[in-house]
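Engineer: Take a look at data.txt, compact mmCIF, C-alpha atoms:
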```txt
# COMPACT_ATOMS: atom_id res chain seq x y z
CA MET A 12 -88.91 -1.44 -18.76
CA ASN A 13 -87.01 -2.08 -15.82
CA GLU A 14 -86.75 1.09 -14.00
CA ARG A 15 -85.05 1.43 -10.77
CA SER A 16 -85.93 3.68 -8.01
CA PRO A 17 -83.79 6.74 -7.58
CA SER A 18 -82.35 5.43 -4.31
CA LEU A 19 -81.24 2.15 -5.90
CA GLN A 20 -79.76 4.04 -8.79
CA ASP A 21 -77.77 6.18 -6.39
CA GLU A 22 -76.48 3.05 -4.62
CA ASP A 23 -75.37 1.53 -7.93
CA GLU A 24 -73.59 4.70 -8.90
CA ALA A 25 -71.88 4.87 -5.48
CA GLN A 26 -70.79 1.23 -5.86
CA ASP A 27 -69.47 1.89 -9.36
CA ALA A 28 -67.55 4.92 -8.07
CA THR A 29 -66.00 2.84 -5.23
CA VAL A 30 -64.97 0.10 -7.66
CA HIS A 31 -63.58 2.72 -10.03
CA GLU A 32 -61.62 4.40 -7.17
CA SER A 33 -60.20 1.06 -5.96
CA ASN A 34 -59.21 0.21 -9.53
CA ALA A 35 -57.48 3.60 -9.84
CA ALA A 36 -55.80 3.23 -6.43
CA ALA A 37 -54.33 -0.17 -7.33
CA PRO A 38 -52.22 1.17 -10.24
CA ARG A 39 -51.06 4.07 -8.05
CA ASP A 40 -49.95 1.68 -5.29
CA GLU A 41 -48.29 -0.54 -7.87
CA LEU A 42 -46.55 2.46 -9.43
CA ALA A 43 -45.33 3.64 -6.01
CA GLU A 44 -44.01 0.14 -5.26
CA LEU A 45 -42.22 -0.01 -8.61
CA ARG A 46 -40.65 3.40 -7.98
CA ARG A 47 -39.48 2.27 -4.53
CA GLN A 48 -37.95 -0.89 -6.02
CA ASN A 49 -36.33 1.20 -8.76
CA GLU A 50 -34.75 3.52 -6.14
CA GLU A 51 -33.58 0.51 -4.13
CA LEU A 52 -31.94 -1.07 -7.19
CA LEU A 53 -30.37 2.25 -8.18
CA THR A 54 -28.88 2.62 -4.71
CA LYS A 55 -27.49 -0.92 -4.83
CA LEU A 56 -26.02 -0.23 -8.26
CA LYS A 57 -24.28 2.91 -6.97
CA TYR A 58 -22.81 0.98 -4.04
CA LEU A 59 -21.58 -1.75 -6.38
CA GLN A 60 -20.01 0.81 -8.70
CA ALA A 61 -18.19 2.47 -5.80
CA GLU A 62 -17.06 -0.90 -4.44
CA PHE A 63 -15.77 -1.95 -7.87
CA GLU A 64 -13.91 1.35 -8.28
CA ASN A 65 -12.24 0.87 -4.87
CA TYR A 66 -11.34 -2.71 -5.83
CA ARG A 67 -9.81 -1.53 -9.12
CA LYS A 68 -7.74 1.12 -7.34
CA ARG A 69 -6.54 -1.42 -4.76
CA VAL A 70 -5.52 -3.88 -7.49
CA ASP A 71 -3.64 -1.11 -9.33
CA ARG A 72 -1.83 -0.14 -6.11
CA ASP A 73 -0.93 -3.78 -5.40
CA ALA A 74 0.36 -4.25 -8.95
CA GLN A 75 2.53 -1.13 -8.65
CA THR A 76 3.97 -2.45 -5.36
CA VAL A 77 4.77 -5.81 -6.95
CA VAL A 78 6.55 -4.11 -9.85
CA LYS A 79 8.36 -1.71 -7.50
CA PHE A 80 9.80 -4.55 -5.40
CA ALA A 81 10.15 -7.20 -8.12
CA HIS A 82 13.96 -7.08 -7.91
CA GLU A 83 14.10 -7.49 -4.13
CA LEU A 84 15.22 -11.14 -4.10
CA LEU A 85 17.82 -10.64 -6.82
CA LEU A 86 19.22 -7.53 -5.11
CA SER A 87 19.44 -9.27 -1.74
CA ARG A 88 21.48 -12.02 -3.42
CA LEU A 89 23.79 -9.48 -5.06
CA LEU A 90 24.61 -7.65 -1.81
CA PRO A 91 27.31 -10.15 -0.74
CA VAL A 92 28.92 -9.72 -4.18
CA LEU A 93 28.93 -5.97 -3.63
CA ASP A 94 30.51 -6.50 -0.18
CA GLU A 95 33.25 -8.64 -1.72
CA MET A 96 33.89 -6.03 -4.40
CA ASP A 97 34.22 -3.36 -1.69
CA ALA A 98 36.77 -5.57 0.09
CA ALA A 99 38.66 -6.17 -3.18
CA VAL A 100 38.79 -2.43 -3.92
CA THR A 101 40.25 -1.83 -0.46
CA ALA A 102 42.82 -4.62 -0.77
CA LEU A 103 44.01 -4.13 -4.36
CA GLU A 104 46.27 -1.37 -5.59
CA GLY A 105 47.46 -0.26 -9.00
CA LYS A 106 45.79 -1.16 -12.29
CA ALA A 107 44.08 -4.25 -10.84
CA GLY A 108 42.55 -2.12 -8.08
CA GLU A 109 41.46 0.48 -10.60
CA GLY A 110 39.77 -2.19 -12.77
CA VAL A 111 37.88 -3.68 -9.82
CA ARG A 112 36.88 -0.15 -8.71
CA MET A 113 35.43 0.57 -12.18
CA VAL A 114 33.46 -2.69 -12.21
CA ARG A 115 32.15 -1.94 -8.70
CA GLU A 116 31.07 1.58 -9.72
CA ASN A 117 29.20 0.19 -12.75
CA LEU A 118 27.47 -2.43 -10.59
CA VAL A 119 26.48 0.18 -8.00
CA ARG A 120 25.11 2.50 -10.71
CA VAL A 121 22.93 -0.28 -12.17
CA LEU A 122 21.68 -1.27 -8.71
CA GLN A 123 20.83 2.35 -7.90
CA GLU A 124 18.84 2.64 -11.14
CA VAL A 125 16.46 -0.07 -9.90
CA GLY A 126 16.08 1.63 -6.50
CA LEU A 127 18.87 0.31 -4.27
CA GLN A 128 20.21 2.89 -1.79
CA GLU A 129 22.95 2.57 0.78
CA ILE A 130 21.82 3.35 4.32
CA PRO A 131 24.12 6.08 5.67
CA ALA A 132 25.22 5.08 9.17
CA GLN A 133 28.70 6.41 10.01
CA GLY A 134 28.46 9.24 12.57
CA ARG A 135 24.65 9.14 12.72
CA THR A 136 22.50 8.39 15.73
CA PHE A 137 21.72 4.67 16.01
CA ASP A 138 18.38 3.79 14.36
CA PRO A 139 17.14 0.28 15.21
CA TYR A 140 14.90 0.26 12.12
CA GLU A 141 17.87 0.64 9.77
CA MET A 142 20.79 -0.69 11.81
CA ASP A 143 21.83 -3.68 13.89
CA CYS A 144 24.13 -2.90 16.80
CA ILE A 145 26.72 -5.67 17.02
CA GLU A 146 28.92 -4.01 19.64
CA GLN A 147 28.90 -1.09 22.07
CA VAL A 148 32.17 0.68 22.90
CA PRO A 149 33.13 3.68 25.03
CA ASP A 150 34.44 6.81 23.32
CA PRO A 151 34.59 9.98 25.42
CA GLU A 152 34.88 12.14 22.29
CA MET A 153 31.53 10.95 20.87
CA LYS A 154 27.95 11.19 22.11
CA ASP A 155 26.12 8.09 23.39
CA GLY A 156 24.12 6.33 20.70
CA THR A 157 26.32 7.56 17.84
CA VAL A 158 27.53 5.04 15.26
CA LYS A 159 31.31 4.82 15.64
CA ALA A 160 31.97 2.32 12.84
CA VAL A 161 30.11 0.42 10.14
CA VAL A 162 31.01 -3.28 10.04
CA ARG A 163 28.72 -4.13 7.11
CA LYS A 164 26.85 -1.64 4.95
CA GLY A 165 23.08 -1.64 4.99
CA TYR A 166 20.81 -1.16 2.00
CA ARG A 167 17.26 -0.12 1.32
CA LEU A 168 15.14 -0.80 -1.77
CA HIS A 169 13.02 2.32 -2.30
CA ASP A 170 11.49 2.79 1.17
CA ARG A 171 11.94 -0.78 2.44
CA VAL A 172 15.04 -1.91 4.38
CA LEU A 173 16.60 -4.74 2.40
CA ARG A 174 19.49 -5.36 4.79
CA PRO A 175 20.17 -3.35 7.97
CA ALA A 176 23.66 -1.92 8.50
CA GLN A 177 25.74 -3.70 11.13
CA VAL A 178 27.31 -1.06 13.32
CA ILE A 179 29.39 -0.39 16.42
CA VAL A 180 27.69 2.13 18.69
CA VAL A 181 29.16 4.43 21.33
CA LYS A 182 28.06 3.80 24.92
CA ASN A 183 29.99 5.79 27.52
CA ARG A 184 27.94 5.04 30.63
CA GLY A 185 27.82 1.64 32.30
CA GLU A 186 29.32 -1.57 30.99
CA THR A 187 30.08 -2.22 27.34
CA ASP A 188 28.52 -5.25 25.75
CA GLY A 189 29.87 -7.12 22.79
```
Now, as a test, write the supplied structure out as structure tokens.
Structural biologist:
Amino acid sequence: MNERSPSLQDEDEAQDATVHESNAAAPRDELAELRRQNEELLTKLKYLQAEFENYRKRVDRDAQTVVKFAHELLLSRLLPVLDEMDAAVTALEGKAGEGVRMVRENLVRVLQEVGLQEIPAQGRTFDPYEMDCIEQVPDPEMKDGTVKAVVRKGYRLHDRVLRPAQVIVVKNRGETDG
């Protein structure tokens, strides 16, 4: 029989307990590390989801803008035709004038359906964002900065200026410029 002394037996038991504790501590540390990594990955996933959602919303907004202004080039090319029809309506009388007026009204109605709007200018205060001043004239009966006459109509497509109105503006003080 190989009997150990009580002090050696106590040492062996203490060593076994230390080994057992270190073995138990290792899985706890590993578990804590795995939980930390899991939280880190979950946080990254949430950020990616939010970023993707923002991207999707931005793409939807951009697509809506493209659709909204898809007719911009075509409309800008039709504006001179509309100007010529306005001139023809003014110049023609009788049945011919009435026919041209009807065609013009139909064209304007179709253009308005896709978002074209005339920029009102006559009698308004000059707005450099919607109007081009081509001449300044004195008129003592009107306030400075008021549009006296519209030379060429301006148009907007939804909220974007397609073509600014060309106007003559009242300037009573100082020299007049042409």
Engineer: Compare A:Glu41, A:Ala160, A:Pro151, A:His169 by their minimum atom-to-atom distance to Lys182 of chain A, counting all atoms listed in the file, and give me the closest one.
Structural biologist: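 Selected residue with least distance to Lys182 of chain A: A:Pro151.
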Engineer: Could you give me, as a ChimeraX atom specification, the residues that have an atom at most 10 Å away from the point (11.5, -5.6, -2.3) in the coordinates of the file, using only C-alpha atoms?
Structural biologist: /A:76-87,126-127,167-173
Engineer: So how many Å separate atom CA of Ala176 of chain A and atom CA of Glu109 of chain A, to one decimal?
Structural biologist: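 Between atom CA of Ala176 of chain A and atom CA of Glu109 of chain A the gap is 26.2 Å.
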Engineer: Between A:Met96, A:Val125, A:Val114, A:Leu90, single out the one closest to Gly165 of chain A, counting all atoms listed in the file.
Structural biologist: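 When distances to Gly165 of chain A are compared using all atoms listed in the file, the smallest one comes from A:Leu90.
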Engineer: Between atom CA of Val181 of chain A and atom CA of Lys154 of chain A, measure the distance and give it in Å to one decimal.
Structural biologist: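 About the pair atom CA of Val181 of chain A and atom CA of Lys154 of chain A: they are 6.9 Å apart.
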Engineer: Residues near Tyr166 of chain A, anyone? I mean within 6 Å using all atoms listed in the file, not counting same-chain ones fewer than 2 positions away, as a PDB file with C-alpha atoms, keeping the file's coordinate frame.
Structural biologist:
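Final file, around.pdb:
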```pdb
ATOM      1  CA  GLN A 128      20.210   2.890  -1.790  1.00  0.00           C
ATOM      2  CA  GLU A 129      22.950   2.570   0.780  1.00  0.00           C
ATOM      3  CA  ILE A 130      21.820   3.350   4.320  1.00  0.00           C
ATOM      4  CA  LEU A 173      16.600  -4.740   2.400  1.00  0.00           C
ATOM      5  CA  ARG A 174      19.490  -5.360   4.790  1.00  0.00           C
TER       6      ARG A 174
END
```
Engineer: Quick one: distance from atom CA of Leu52 of chain A to atom CA of Val70 of chain A in Å, one decimal?
Structural biologist: 26.6 Å
Engineer: Go through A:Glu64, A:Leu89, A:Gln147, A:Thr157 and flag the residue nearest Val121 of chain A, using only C-alpha atoms for the distances.
Structural biologist: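 Checking each of A:Glu64, A:Leu89, A:Gln147, A:Thr157 against Val121 of chain A, counting only C-alpha atoms, the winner is A:Leu89.
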Engineer: My list of candidates is A:Ile179, A:Val148, A:Val92, A:Ala107. Which is closest to Gln133 of chain A when distances are computed with all atoms listed in the file?
Structural biologist: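 The shortest atom-to-atom distance to Gln133 of chain A comes from A:Ile179.
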Engineer: Here is a test: counting only C-alpha atoms, which residue of A:Val180, A:Leu56, A:Ala74, A:Val100 is nearest to Asp150 of chain A?
Structural biologist: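 Closest residue, counting only C-alpha atoms: A:Val180.
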Engineer: Once 4 Å is added on each side, what centre and edge lengths in Å to one decimal does the axis-aligned box around all listed atoms of segment 75-90 of chain A have, as lines of an AutoDock Vina configuration file?
Structural biologist:
```
center_x = 13.6
center_y = -6.6
center_z = -5.8
size_x = 30.1
size_y = 18.9
size_z = 16.1
```
Engineer: Smallest atom-to-atom distance to Phe137 of chain A: which of A:Val111, A:Leu122, A:Ala37, A:Val178, using all atoms listed in the file?
Structural biologist: A:Val178
Engineer: Please provide the set of residues having any atom within 12 Å of Arg112 of chain A, restricted to all atoms listed in the file, with same-chain residues fewer than 6 positions apart removed, written as number ranges by chain.
Structural biologist: A: 93, 95-106, 118-119
